[in-house]
>>> print(open('work_12.cif').read())   # mmCIF, C-alpha atoms
data_target
#
loop_
_atom_site.label_atom_id
_atom_site.label_comp_id
_atom_site.auth_asym_id
_atom_site.auth_seq_id
_atom_site.Cartn_x
_atom_site.Cartn_y
_atom_site.Cartn_z
CA MET A 1 3.94 -7.00 -14.14
CA SER A 2 0.30 -7.65 -15.08
CA ALA A 3 -2.18 -4.83 -15.74
CA PHE A 4 -4.12 -5.82 -12.60
CA LEU A 5 -0.98 -5.74 -10.43
CA ARG A 6 0.06 -2.36 -11.89
CA LEU A 7 -3.35 -0.95 -11.04
CA THR A 8 -3.20 -2.41 -7.52
CA VAL A 9 0.24 -0.95 -6.86
CA ALA A 10 -0.76 2.43 -8.29
CA LEU A 11 -3.78 2.59 -6.00
CA GLU A 12 -1.74 1.63 -2.96
CA LEU A 13 0.86 4.30 -3.69
CA THR A 14 -1.48 7.25 -4.17
CA THR A 15 -0.70 8.67 -0.72
CA VAL A 16 2.85 9.94 -0.19
CA SER A 17 2.72 9.37 3.54
CA GLN A 18 0.41 8.16 6.25
CA ARG A 19 -0.21 9.31 9.78
CA LEU A 20 1.06 6.91 12.41
CA GLY A 21 1.18 7.90 16.08
CA GLY A 22 0.75 11.56 15.15
CA GLN A 23 3.89 11.59 12.98
CA THR A 24 4.25 11.58 9.23
CA MET A 25 5.67 8.30 7.95
CA GLN A 26 7.62 8.70 4.73
CA LYS A 27 7.06 6.19 1.95
CA VAL A 28 10.36 4.71 0.78
CA LEU A 29 10.91 2.43 -2.21
CA VAL A 30 13.83 0.05 -1.64
CA THR A 31 15.03 -1.89 -4.66
CA GLY A 32 17.18 -4.95 -4.10
CA SER A 33 15.26 -5.35 -0.86
CA SER A 34 15.93 -9.09 -0.64
CA GLY A 35 19.69 -8.54 -0.56
CA ARG A 36 21.86 -8.22 2.55
CA ILE A 37 21.76 -4.43 2.84
CA GLY A 38 18.07 -4.19 1.98
CA ARG A 39 17.21 -6.81 4.58
CA ALA A 40 19.29 -5.05 7.24
CA PHE A 41 17.79 -1.63 6.47
CA PHE A 42 14.23 -2.92 6.59
CA ALA A 43 14.86 -4.68 9.90
CA ALA A 44 16.34 -1.52 11.44
CA TYR A 45 13.81 1.03 10.14
CA HIS A 46 10.53 -0.76 9.45
CA GLU A 47 8.89 1.22 12.25
CA ARG A 48 10.09 4.57 10.91
CA TYR A 49 9.25 4.31 7.20
CA GLN A 50 6.46 2.89 5.11
CA PHE A 51 8.31 0.56 2.76
CA VAL A 52 7.62 -0.47 -0.79
CA LEU A 53 10.07 -3.34 -1.29
CA SER A 54 11.11 -4.57 -4.72
CA ASP A 55 13.42 -7.30 -5.97
CA LEU A 56 13.67 -10.12 -8.48
CA ASN A 57 13.49 -12.55 -5.57
CA GLU A 58 10.92 -12.85 -2.80
CA PRO A 59 12.23 -11.67 0.59
CA THR A 60 13.10 -14.30 3.18
CA TYR A 61 11.75 -12.06 5.97
CA SER A 62 8.18 -11.19 6.85
CA VAL A 63 6.60 -8.16 5.14
CA SER A 64 3.29 -7.06 6.63
CA GLY A 65 1.27 -4.14 7.93
CA GLN A 66 1.83 -0.89 6.08
CA HIS A 67 4.69 -2.42 4.04
CA HIS A 68 4.42 -4.49 0.89
CA PHE A 69 6.63 -6.28 -1.62
CA VAL A 70 6.43 -6.10 -5.42
CA ARG A 71 8.47 -8.47 -7.56
CA SER A 72 9.95 -6.58 -10.51
CA ASP A 73 12.72 -6.67 -13.09
CA LEU A 74 13.96 -3.10 -13.30
CA SER A 75 15.93 -3.78 -16.48
CA GLU A 76 12.54 -3.73 -18.24
CA ALA A 77 11.83 -0.20 -19.41
CA ASN A 78 8.35 0.18 -17.88
CA ALA A 79 8.83 -1.75 -14.63
CA ALA A 80 9.76 1.23 -12.44
CA ALA A 81 7.01 3.68 -13.36
CA ASP A 82 4.29 2.32 -11.05
CA LEU A 83 6.75 1.59 -8.25
CA CYS A 84 7.73 5.26 -8.00
CA GLN A 85 4.22 6.68 -7.86
CA GLY A 86 3.49 8.31 -4.50
CA VAL A 87 6.98 7.55 -3.17
CA ASP A 88 8.93 10.14 -1.19
CA THR A 89 12.39 8.54 -1.54
CA VAL A 90 13.93 5.83 -3.70
CA VAL A 91 16.77 3.79 -2.19
CA HIS A 92 18.30 1.92 -5.12
CA LEU A 93 20.21 -1.09 -3.81
CA ALA A 94 19.46 -3.50 -6.65
CA GLY A 95 22.21 -4.67 -8.94
CA VAL A 96 24.97 -7.20 -9.49
CA PRO A 97 27.58 -6.61 -6.73
CA ASP A 98 30.31 -8.85 -8.17
CA PRO A 99 33.70 -7.22 -8.95
CA ASN A 100 34.30 -10.07 -11.41
CA ALA A 101 31.02 -9.54 -13.27
CA LEU A 102 31.10 -9.43 -17.06
CA PHE A 103 29.55 -6.67 -19.18
CA ASP A 104 26.54 -8.85 -20.04
CA ASP A 105 25.87 -9.11 -16.30
CA VAL A 106 26.18 -5.44 -15.35
CA LEU A 107 24.40 -4.07 -18.43
CA PRO A 108 20.84 -5.07 -17.48
CA ALA A 109 21.19 -5.13 -13.69
CA ASN A 110 23.38 -2.08 -13.05
CA ILE A 111 23.13 0.16 -16.10
CA LEU A 112 19.69 -0.31 -17.66
CA ALA A 113 17.93 -0.76 -14.31
CA THR A 114 19.47 2.39 -12.82
CA THR A 115 18.69 4.38 -15.97
CA HIS A 116 15.04 3.34 -16.03
CA LEU A 117 14.58 3.81 -12.29
CA ILE A 118 16.00 7.31 -11.99
CA GLU A 119 13.94 8.44 -14.99
CA ALA A 120 10.80 7.00 -13.38
CA ALA A 121 11.68 8.70 -10.09
CA CYS A 122 12.14 11.99 -11.91
CA GLN A 123 8.80 11.67 -13.69
CA ALA A 124 7.10 10.87 -10.39
CA ASN A 125 8.67 13.90 -8.64
CA VAL A 126 10.38 11.74 -6.02
CA ARG A 127 12.00 13.96 -3.38
CA ARG A 128 15.28 12.06 -2.99
CA PHE A 129 17.10 9.40 -5.00
CA VAL A 130 19.64 7.40 -2.97
CA PHE A 131 21.97 5.33 -5.13
CA ALA A 132 24.04 2.46 -3.74
CA SER A 133 27.38 3.07 -5.40
CA SER A 134 30.54 1.27 -4.34
CA ALA A 135 34.10 1.75 -3.17
CA GLN A 136 34.92 -0.14 -6.36
CA THR A 137 34.58 3.21 -8.15
CA ILE A 138 37.99 4.13 -6.71
CA GLU A 139 39.56 0.69 -6.32
CA GLY A 140 42.20 1.52 -8.95
CA TYR A 141 44.05 3.77 -6.51
CA PRO A 142 46.87 2.27 -4.40
CA VAL A 143 45.54 0.73 -1.20
CA ASP A 144 47.72 3.03 0.93
CA ARG A 145 46.20 6.18 -0.58
CA GLN A 146 43.17 7.60 1.18
CA ILE A 147 40.30 8.70 -1.03
CA VAL A 148 39.14 12.27 -0.39
CA PRO A 149 36.25 14.19 -1.98
CA GLY A 150 36.95 15.50 -5.45
CA MET A 151 39.33 12.76 -6.55
CA ALA A 152 38.64 11.33 -10.00
CA VAL A 153 37.03 7.92 -10.20
CA ALA A 154 39.40 5.01 -10.79
CA PRO A 155 37.48 1.74 -11.19
CA ALA A 156 39.41 -1.49 -11.43
CA ASN A 157 36.64 -3.63 -12.94
CA LEU A 158 33.42 -3.38 -14.95
CA TYR A 159 31.32 -3.51 -11.81
CA GLY A 160 33.10 -0.36 -10.65
CA VAL A 161 32.54 1.20 -14.06
CA SER A 162 28.80 0.53 -13.79
CA LYS A 163 28.74 2.30 -10.42
CA CYS A 164 30.61 5.28 -11.89
CA TYR A 165 27.85 5.40 -14.49
CA GLY A 166 25.20 5.49 -11.75
CA GLU A 167 26.98 8.35 -9.99
CA ALA A 168 27.14 10.23 -13.30
CA LEU A 169 23.42 9.67 -13.84
CA CYS A 170 22.71 11.18 -10.43
CA SER A 171 24.78 14.21 -11.36
CA LEU A 172 22.98 14.52 -14.71
CA TYR A 173 19.51 14.38 -13.18
CA ALA A 174 20.46 16.84 -10.47
CA THR A 175 21.83 19.29 -13.03
CA ARG A 176 19.21 18.88 -15.73
CA HIS A 177 16.09 18.17 -13.66
CA GLY A 178 16.87 19.58 -10.22
CA MET A 179 16.69 16.22 -8.47
CA SER A 180 18.22 15.66 -5.06
CA CYS A 181 20.52 12.63 -5.27
CA VAL A 182 22.91 10.93 -2.85
CA SER A 183 25.38 8.29 -4.02
CA LEU A 184 26.75 6.03 -1.29
CA ARG A 185 30.16 4.51 -2.02
CA ILE A 186 29.61 1.40 0.05
CA GLY A 187 32.69 -0.40 1.29
CA ALA A 188 33.12 -3.94 2.66
CA PHE A 189 29.65 -4.63 4.11
CA GLU A 190 30.16 -7.60 6.43
CA PRO A 191 28.62 -8.65 9.76
CA ALA A 192 30.60 -7.94 12.90
CA ASP A 193 30.11 -11.55 14.04
CA GLY A 194 31.07 -13.02 10.67
CA PRO A 195 34.37 -14.49 9.44
CA PRO A 196 37.47 -12.33 9.95
CA LEU A 197 38.30 -9.88 7.18
CA GLU A 198 41.25 -11.12 5.19
CA THR A 199 43.16 -7.96 4.31
CA LEU A 200 44.06 -4.60 5.79
CA ARG A 201 42.32 -3.02 2.81
CA ASP A 202 39.06 -4.72 3.80
CA LEU A 203 39.47 -3.55 7.39
CA SER A 204 40.01 0.04 6.23
CA ALA A 205 36.92 -0.16 3.99
CA TRP A 206 34.64 -2.05 6.37
CA LEU A 207 31.02 -0.93 6.80
CA SER A 208 29.13 -2.50 9.69
CA HIS A 209 25.45 -3.32 9.53
CA ARG A 210 24.64 -0.73 12.19
CA ASP A 211 26.56 2.03 10.41
CA ALA A 212 25.19 1.05 6.98
CA THR A 213 21.56 1.36 8.03
CA HIS A 214 22.30 4.64 9.81
CA LEU A 215 24.06 5.94 6.68
CA ILE A 216 21.06 5.15 4.47
CA ASP A 217 18.73 6.81 6.96
CA ARG A 218 20.87 9.96 6.93
CA ALA A 219 20.96 9.89 3.12
CA ILE A 220 17.16 9.96 3.20
CA GLN A 221 16.80 12.64 5.85
CA ALA A 222 19.64 15.12 5.23
CA GLU A 223 18.81 18.43 3.58
CA ILE A 224 20.69 18.24 0.28
CA LYS A 225 20.25 20.02 -3.02
CA GLY A 226 21.81 18.65 -6.17
CA SER A 227 24.01 15.56 -6.20
CA PHE A 228 26.29 14.43 -3.37
CA ILE A 229 28.72 11.50 -3.20
CA ALA A 230 29.06 10.03 0.30
CA HIS A 231 31.67 7.62 1.58
CA GLY A 232 30.17 4.47 3.08
CA ILE A 233 32.55 2.98 5.61
CA SER A 234 32.59 2.70 9.40
CA ASN A 235 34.70 4.71 11.82
CA ASN A 236 37.71 2.51 11.20
CA ARG A 237 41.04 3.45 12.77
CA PHE A 238 42.53 3.61 9.27
CA LYS A 239 40.03 4.72 6.63
CA ARG A 240 40.22 3.85 2.94
CA LEU A 241 37.82 6.73 2.27
CA ASP A 242 37.85 9.99 4.19
CA LEU A 243 34.62 10.54 6.13
CA THR A 244 34.94 14.22 7.04
CA GLU A 245 32.60 15.64 4.40
CA THR A 246 30.17 12.72 4.57
CA CYS A 247 29.73 13.21 8.32
CA LYS A 248 29.35 16.96 7.91
CA VAL A 249 26.85 16.93 5.04
CA LEU A 250 24.74 13.93 6.02
CA GLY A 251 25.07 14.10 9.80
CA TYR A 252 26.54 10.59 9.63
CA ALA A 253 27.96 9.37 12.94
CA PRO A 254 29.49 5.90 12.49
CA GLN A 255 30.07 3.88 15.66
CA ASP A 256 32.08 0.84 14.69
CA ASP A 257 35.78 0.21 14.01
CA ALA A 258 36.98 -2.82 12.06
CA PHE A 259 40.36 -2.72 13.79
CA SER A 260 38.64 -3.24 17.15
CA THR A 261 36.13 -5.77 15.81
CA PHE A 262 38.22 -8.20 13.79
CA PRO A 263 41.68 -9.78 14.20
CA ILE A 264 44.40 -7.84 12.39
CA PRO A 265 45.64 -9.80 9.34
CA SER A 266 49.34 -10.60 9.32
CA ALA A 267 49.73 -9.17 5.80
#
>>> encode(input="work_12.cif", output="structure tokens")
Amino acid sequence: MSAFLRLTVALELTTVSQRLGGQTMQKVLVTGSSGRIGRAFFAAYHERYQFVLSDLNEPTYSVSGQHHFVRSDLSEANAAADLCQGVDTVVHLAGVPDPNALFDDVLPANILATTHLIEAACQANVRRFVFASSAQTIEGYPVDRQIVPGMAVAPANLYGVSKCYGEALCSLYATRHGMSCVSLRIGAFEPADGPPLETLRDLSAWLSHRDATHLIDRAIQAEIKGSFIAHGISNNRFKRLDLTETCKVLGYAPQDDAFSTFPIPSA
């Protein structure tokens, strides 16, 4: 990022919120904003929040009005500092989401980027840090075992390991610096009108677009101190991850059920 662009961004982010229609509009930084979840969240809540969008790639949707986009590589140590200035909440969606990713892939995108970003958020006194974790943090458990709060992590790949690291960072910053952090263990994020899900495991871990954007909104708004790990799936008839505590703490109210939305796989 050039010195001129850093100055421009810093000036634009000096106000934490703006008045719109008599209500305070929170300023939310969304990293990975050009990805599927970032795009869906912006589309659903662009009238509620003032967005600072960031990604390596330009968004394919229109960004205008009180929102703006900043291209950034968060694996660079100083890239996040200006982005976090004047921001109320960071929603960190950026990263490599591939379960088959190699260490050289997850190191910059998932480990270094998350480390630099949460430190920048801490230095900027950001109110809430929302981290997009993954159900891959517990994928090592048998598929017929439901995951409940308090169970140890059990990643089955390096991508899952990198998400365990992010959850641990949130715990560290909550303990050491008093930050408020929410980690969202996102399941199988697929459109309801897309191809059928191939396995019963995917059905049990499905997260619809509507429920995903609602979950992120609740992660921003809920009154939480310290670090909390939430389970990010829909209200599926059979649930890979138990939702009881997530619904109670966040006020999450998922509407969709994979077993009513998709055909049931034969195996």
>>> resolve_selection(input="work_12.cif", expression="the PyMOL selection byres ((chain A and resi 129) around 6)", output="PyMOL selection string")
chain A and resi 89-90+128+130+181
>>> atom_distance(input="work_12.cif", atom1="atom CA of Leu203 of chain A", atom2="atom CA of Asn236 of chain A")
7.4 Å
>>> atom_distance(input="work_12.cif", atom1="atom CA of Glu76 of chain A", atom2="atom CA of Phe189 of chain A")
28.2 Å
>>> closest_atom_pairs(input="work_12.cif", of="segment 41-116 of chain A", to="segment 159-164 of chain A", cutoff="8 Å", atoms="only C-alpha atoms", output="tab-separated table")
residue	atom	partner	partner_atom	distance
A:Val96	CA	A:Tyr159	CA	7.7
A:Pro97	CA	A:Tyr159	CA	7.0
A:Asp98	CA	A:Tyr159	CA	6.5
A:Pro99	CA	A:Tyr159	CA	5.3
A:Asn100	CA	A:Tyr159	CA	7.2
A:Ala101	CA	A:Tyr159	CA	6.2
A:Leu102	CA	A:Tyr159	CA	7.9
A:Val106	CA	A:Tyr159	CA	6.5
A:Leu107	CA	A:Ser162	CA	7.9
A:Asn110	CA	A:Ser162	CA	6.1
A:Ile111	CA	A:Ser162	CA	6.1
>>> residues_around(input="work_12.cif", residues="His68 of chain A", least_positions_apart="2", cutoff="9 Å", atoms="only C-alpha atoms", output="list in words")
Gln50, Phe51, Val52, Leu53, Ser54, Val63, Ser64, Gly65, Gln66 and Val70 of chain A
>>> write_last_selection(input="work_12.cif", atoms="C-alpha atoms", output="mmCIF file, in the frame of the given file")
data_model
loop_
_atom_site.group_PDB
_atom_site.id
_atom_site.type_symbol
_atom_site.label_atom_id
_atom_site.label_comp_id
_atom_site.auth_asym_id
_atom_site.auth_seq_id
_atom_site.Cartn_x
_atom_site.Cartn_y
_atom_site.Cartn_z
ATOM 1 C CA GLN A 50 6.460 2.890 5.110
ATOM 2 C CA PHE A 51 8.310 0.560 2.760
ATOM 3 C CA VAL A 52 7.620 -0.470 -0.790
ATOM 4 C CA LEU A 53 10.070 -3.340 -1.290
ATOM 5 C CA SER A 54 11.110 -4.570 -4.720
ATOM 6 C CA VAL A 63 6.600 -8.160 5.140
ATOM 7 C CA SER A 64 3.290 -7.060 6.630
ATOM 8 C CA GLY A 65 1.270 -4.140 7.930
ATOM 9 C CA GLN A 66 1.830 -0.890 6.080
ATOM 10 C CA VAL A 70 6.430 -6.100 -5.420
#
>>> atom_distance(input="work_12.cif", atom1="atom CA of Gly194 of chain A", atom2="atom CA of Phe262 of chain A")
9.2 Å
>>> resolve_selection(input="work_12.cif", expression="the PyMOL selection byres ((chain A and resi 29-34) around 9)", output="JSON, numbers by chain")
{"A": [27, 28, 35, 36, 37, 38, 39, 41, 42, 50, 51, 52, 53, 54, 55, 56, 57, 58, 59, 60, 61, 69, 74, 83, 84, 87, 88, 89, 90, 91, 92, 93, 94, 95]}
>>> resolve_selection(input="work_12.cif", expression="the PyMOL selection byres ((chain A and resi 207) around 8)", output="PyMOL selection string")
chain A and resi 186-190+205-206+208-209+211-212+232-234
>>> closest_residue(input="work_12.cif", among="A:Gln136, A:Thr246, A:Gln221, A:Thr199", to="Ser266 of chain A", atoms="all atoms listed in the file")
A:Thr199
>>> residues_around(input="work_12.cif", residues="Tyr173 of chain A", least_positions_apart="2", cutoff="10 Å", atoms="all atoms listed in the file", output="number ranges by chain")
A: 118-119, 122, 129, 168-171, 175-181, 226-227
>>> build_atoms(input="work_12.cif", residues="segment 229-249 of chain A", atoms="N, CA and C atoms", output="PDB file, in the coordinates of the input")
ATOM      1  N   ILE A 229      28.107  12.822  -3.310  1.00  0.00           N
ATOM      2  CA  ILE A 229      28.720  11.500  -3.200  1.00  0.00           C
ATOM      3  C   ILE A 229      29.229  11.318  -1.778  1.00  0.00           C
ATOM      4  N   ALA A 230      28.693  10.316  -1.092  1.00  0.00           N
ATOM      5  CA  ALA A 230      29.060  10.030   0.300  1.00  0.00           C
ATOM      6  C   ALA A 230      29.942   8.799   0.358  1.00  0.00           C
ATOM      7  N   HIS A 231      30.783   8.755   1.371  1.00  0.00           N
ATOM      8  CA  HIS A 231      31.670   7.620   1.580  1.00  0.00           C
ATOM      9  C   HIS A 231      31.077   6.683   2.625  1.00  0.00           C
ATOM     10  N   GLY A 232      30.879   5.431   2.238  1.00  0.00           N
ATOM     11  CA  GLY A 232      30.170   4.470   3.080  1.00  0.00           C
ATOM     12  C   GLY A 232      31.064   3.457   3.747  1.00  0.00           C
ATOM     13  N   ILE A 233      31.768   3.887   4.783  1.00  0.00           N
ATOM     14  CA  ILE A 233      32.550   2.980   5.610  1.00  0.00           C
ATOM     15  C   ILE A 233      32.289   3.320   7.073  1.00  0.00           C
ATOM     16  N   SER A 234      32.742   2.449   7.964  1.00  0.00           N
ATOM     17  CA  SER A 234      32.590   2.700   9.400  1.00  0.00           C
ATOM     18  C   SER A 234      33.722   3.588   9.911  1.00  0.00           C
ATOM     19  N   ASN A 235      33.698   3.841  11.202  1.00  0.00           N
ATOM     20  CA  ASN A 235      34.700   4.710  11.820  1.00  0.00           C
ATOM     21  C   ASN A 235      35.976   3.923  12.121  1.00  0.00           C
ATOM     22  N   ASN A 236      36.542   3.357  11.064  1.00  0.00           N
ATOM     23  CA  ASN A 236      37.710   2.510  11.200  1.00  0.00           C
ATOM     24  C   ASN A 236      38.950   3.335  11.563  1.00  0.00           C
ATOM     25  N   ARG A 237      39.840   2.732  12.332  1.00  0.00           N
ATOM     26  CA  ARG A 237      41.040   3.450  12.770  1.00  0.00           C
ATOM     27  C   ARG A 237      41.824   3.990  11.571  1.00  0.00           C
ATOM     28  N   PHE A 238      41.956   3.170  10.544  1.00  0.00           N
ATOM     29  CA  PHE A 238      42.530   3.610   9.270  1.00  0.00           C
ATOM     30  C   PHE A 238      41.421   3.529   8.236  1.00  0.00           C
ATOM     31  N   LYS A 239      41.199   4.607   7.509  1.00  0.00           N
ATOM     32  CA  LYS A 239      40.030   4.720   6.630  1.00  0.00           C
ATOM     33  C   LYS A 239      40.464   4.773   5.164  1.00  0.00           C
ATOM     34  N   ARG A 240      39.965   3.832   4.379  1.00  0.00           N
ATOM     35  CA  ARG A 240      40.220   3.850   2.940  1.00  0.00           C
ATOM     36  C   ARG A 240      39.637   5.104   2.302  1.00  0.00           C
ATOM     37  N   LEU A 241      38.480   5.530   2.765  1.00  0.00           N
ATOM     38  CA  LEU A 241      37.820   6.730   2.270  1.00  0.00           C
ATOM     39  C   LEU A 241      37.652   7.717   3.411  1.00  0.00           C
ATOM     40  N   ASP A 242      37.999   8.950   3.177  1.00  0.00           N
ATOM     41  CA  ASP A 242      37.850   9.990   4.190  1.00  0.00           C
ATOM     42  C   ASP A 242      36.375  10.256   4.468  1.00  0.00           C
ATOM     43  N   LEU A 243      36.019  10.371   5.740  1.00  0.00           N
ATOM     44  CA  LEU A 243      34.620  10.540   6.130  1.00  0.00           C
ATOM     45  C   LEU A 243      34.244  11.958   6.522  1.00  0.00           C
ATOM     46  N   THR A 244      35.189  12.888   6.494  1.00  0.00           N
ATOM     47  CA  THR A 244      34.940  14.220   7.040  1.00  0.00           C
ATOM     48  C   THR A 244      33.725  14.885   6.394  1.00  0.00           C
ATOM     49  N   GLU A 245      33.694  14.950   5.081  1.00  0.00           N
ATOM     50  CA  GLU A 245      32.600  15.640   4.400  1.00  0.00           C
ATOM     51  C   GLU A 245      31.294  14.861   4.505  1.00  0.00           C
ATOM     52  N   THR A 246      31.379  13.538   4.440  1.00  0.00           N
ATOM     53  CA  THR A 246      30.170  12.720   4.570  1.00  0.00           C
ATOM     54  C   THR A 246      29.501  12.952   5.921  1.00  0.00           C
ATOM     55  N   CYS A 247      30.294  12.970   6.984  1.00  0.00           N
ATOM     56  CA  CYS A 247      29.730  13.210   8.320  1.00  0.00           C
ATOM     57  C   CYS A 247      29.141  14.607   8.428  1.00  0.00           C
ATOM     58  N   LYS A 248      29.805  15.577   7.832  1.00  0.00           N
ATOM     59  CA  LYS A 248      29.350  16.960   7.910  1.00  0.00           C
ATOM     60  C   LYS A 248      28.050  17.179   7.132  1.00  0.00           C
ATOM     61  N   VAL A 249      27.995  16.673   5.907  1.00  0.00           N
ATOM     62  CA  VAL A 249      26.850  16.930   5.040  1.00  0.00           C
ATOM     63  C   VAL A 249      25.634  16.093   5.430  1.00  0.00           C
TER      64      VAL A 249
END
